[in-house]
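Engineer: Sharing upload_8.pdb below, PDB, C-alpha atoms:
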ATOM      1  CA  MET A  30       3.109 -18.007   5.025
ATOM      2  CA  VAL A  31       5.011 -14.872   6.007
ATOM      3  CA  LYS A  32       4.592 -11.936   3.638
ATOM      4  CA  THR A  33       7.034  -9.038   3.792
ATOM      5  CA  ALA A  34       7.411  -5.844   1.789
ATOM      6  CA  THR A  35       9.537  -2.749   2.047
ATOM      7  CA  PHE A  36       7.683   0.473   2.670
ATOM      8  CA  GLU A  37       9.492   2.027  -0.305
ATOM      9  CA  ALA A  38       8.298  -0.737  -2.655
ATOM     10  CA  LEU A  39       4.726  -0.289  -1.482
ATOM     11  CA  LEU A  40       4.931   3.463  -2.027
ATOM     12  CA  ALA A  41       6.263   2.902  -5.549
ATOM     13  CA  ASP A  42       3.068   0.975  -6.342
ATOM     14  CA  ALA A  43       0.854   3.931  -5.368
ATOM     15  CA  VAL A  44       0.410   5.802  -8.650
ATOM     16  CA  PRO A  45      -1.208   9.244  -9.032
ATOM     17  CA  ASP A  46      -4.830   9.024 -10.167
ATOM     18  CA  GLY A  47      -4.915  12.482 -11.755
ATOM     19  CA  GLN A  48      -7.375  13.777  -9.148
ATOM     20  CA  GLY A  49      -4.988  14.476  -6.293
ATOM     21  CA  GLY A  50      -5.069  10.940  -4.911
ATOM     22  CA  TYR A  51      -3.454   7.611  -5.693
ATOM     23  CA  THR A  52      -4.405   4.194  -7.013
ATOM     24  CA  PHE A  53      -2.820   1.244  -5.240
ATOM     25  CA  VAL A  54      -3.166  -2.425  -6.192
ATOM     26  CA  LEU A  55      -2.241  -5.209  -3.786
ATOM     27  CA  GLU A  56      -2.948  -8.893  -4.385
ATOM     28  CA  GLY A  57      -5.380  -8.037  -7.177
ATOM     29  CA  LYS A  58      -7.457  -5.620  -5.116
ATOM     30  CA  THR A  59      -7.504  -1.940  -6.155
ATOM     31  CA  TYR A  60      -7.622   0.862  -3.605
ATOM     32  CA  THR A  61      -8.127   4.597  -4.071
ATOM     33  CA  LEU A  62      -6.024   6.549  -1.587
ATOM     34  CA  GLN A  63      -5.933  10.180  -0.541
ATOM     35  CA  ASP A  64      -2.509   9.829   1.071
ATOM     36  CA  LYS A  65       0.358   7.468   0.227
ATOM     37  CA  ASP A  66       0.805   6.635   3.911
ATOM     38  CA  GLN A  67      -2.398   4.565   3.724
ATOM     39  CA  VAL A  68      -0.478   1.804   1.896
ATOM     40  CA  ARG A  69       1.028   0.655   5.204
ATOM     41  CA  LYS A  70      -2.374   0.011   6.772
ATOM     42  CA  ILE A  71      -3.667  -1.777   3.686
ATOM     43  CA  ALA A  72      -0.590  -4.011   3.479
ATOM     44  CA  GLU A  73      -0.901  -4.869   7.166
ATOM     45  CA  GLU A  74      -4.574  -5.770   6.627
ATOM     46  CA  HIS A  75      -3.366  -8.219   3.954
ATOM     47  CA  GLY A  76      -1.016  -9.772   6.516
ATOM     48  CA  TYR A  77       2.230  -8.156   5.384
ATOM     49  CA  ILE A  78       5.090  -7.339   7.717
ATOM     50  CA  ILE A  79       6.438  -3.956   6.632
ATOM     51  CA  ILE A  80      10.201  -3.471   6.506
ATOM     52  CA  TYR A  81      11.369   0.121   6.872
TER      53      TYR A  81
END
Take the structure in this file and express it as structure tokens.
Structural biologist:
Amino acid sequence: MVKTATFEALLADAVPDGQGGYTFVLEGKTYTLQDKDQVRKIAEEHGYIIIY
């Protein structure tokens, strides 16, 4: 199965955690991020092709 996502949609799912970082949930797994740009790497690890 091919999974695609736009970079903008992924960024929209990274919500501020109140401590200067972000919480990001993908496929039921929760990540704590220091920088929103980390969503790209996480999505790629889940097999997503990122559309810019």
Engineer: If the PyMOL selection byres ((chain A and resi 78) around 9) is run on the structure shown, which residues does it catch, given as an mmCIF file with C-alpha atoms, in the frame of the given file?
Structural biologist:
data_model
loop_
_atom_site.group_PDB
_atom_site.id
_atom_site.type_symbol
_atom_site.label_atom_id
_atom_site.label_comp_id
_atom_site.auth_asym_id
_atom_site.auth_seq_id
_atom_site.Cartn_x
_atom_site.Cartn_y
_atom_site.Cartn_z
ATOM 1 C CA VAL A 31 5.011 -14.872 6.007
ATOM 2 C CA LYS A 32 4.592 -11.936 3.638
ATOM 3 C CA THR A 33 7.034 -9.038 3.792
ATOM 4 C CA ALA A 34 7.411 -5.844 1.789
ATOM 5 C CA THR A 35 9.537 -2.749 2.047
ATOM 6 C CA ALA A 72 -0.590 -4.011 3.479
ATOM 7 C CA GLU A 73 -0.901 -4.869 7.166
ATOM 8 C CA GLY A 76 -1.016 -9.772 6.516
ATOM 9 C CA TYR A 77 2.230 -8.156 5.384
ATOM 10 C CA ILE A 79 6.438 -3.956 6.632
ATOM 11 C CA ILE A 80 10.201 -3.471 6.506
#
Engineer: Taking 3 positions as the minimum chain separation for residues in the same chain, which residues sit within 12 Å of Gly49 of chain A when counting all atoms listed in the file? Answer as a PDB file with C-alpha atoms, in the frame of the given file.
Structural biologist:
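Wrote around.pdb, looks like this:
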ATOM      1  CA  VAL A  44       0.410   5.802  -8.650  1.00  0.00           C
ATOM      2  CA  PRO A  45      -1.208   9.244  -9.032  1.00  0.00           C
ATOM      3  CA  ASP A  46      -4.830   9.024 -10.167  1.00  0.00           C
ATOM      4  CA  THR A  52      -4.405   4.194  -7.013  1.00  0.00           C
ATOM      5  CA  THR A  61      -8.127   4.597  -4.071  1.00  0.00           C
ATOM      6  CA  LEU A  62      -6.024   6.549  -1.587  1.00  0.00           C
ATOM      7  CA  GLN A  63      -5.933  10.180  -0.541  1.00  0.00           C
ATOM      8  CA  ASP A  64      -2.509   9.829   1.071  1.00  0.00           C
ATOM      9  CA  LYS A  65       0.358   7.468   0.227  1.00  0.00           C
TER      10      LYS A  65
END
Engineer: For a test of reading the model, state the distance in Å between atom CA of Ala38 of chain A and atom CA of Arg69 of chain A, rounded to one decimal.
Structural biologist: 10.8 Å
Engineer: Please report the interatomic distance between atom CA of Gln67 of chain A and atom CA of Phe36 of chain A in Å with one decimal.
Structural biologist: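 Interatomic distance here is 10.9 Å.
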Engineer: Expressed in Å to a single decimal, how great is the separation between atom CA of Leu55 of chain A and atom CA of Tyr81 of chain A?
Structural biologist: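 Distance between the two atoms: 18.1 Å.
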Engineer: Let me have the centre and edge lengths in Å, one decimal, of the box along x, y and z around every listed atom of segment 30-43 of chain A with 6 Å of margin on each side, as AutoDock Vina command-line options.
Structural biologist:
--center_x 5.2 --center_y -7.0 --center_z -0.2 --size_x 20.7 --size_y 33.9 --size_z 24.3
Engineer: Tell me which protein, DNA and RNA residues are within 10 Å of Asp66 of chain A, counting all atoms listed in the file, leaving out same-chain ones fewer than 5 positions away, and put them as a list of chain:residue names.
Structural biologist: A:Phe36, A:Leu39, A:Leu40, A:Ala43, A:Ile71
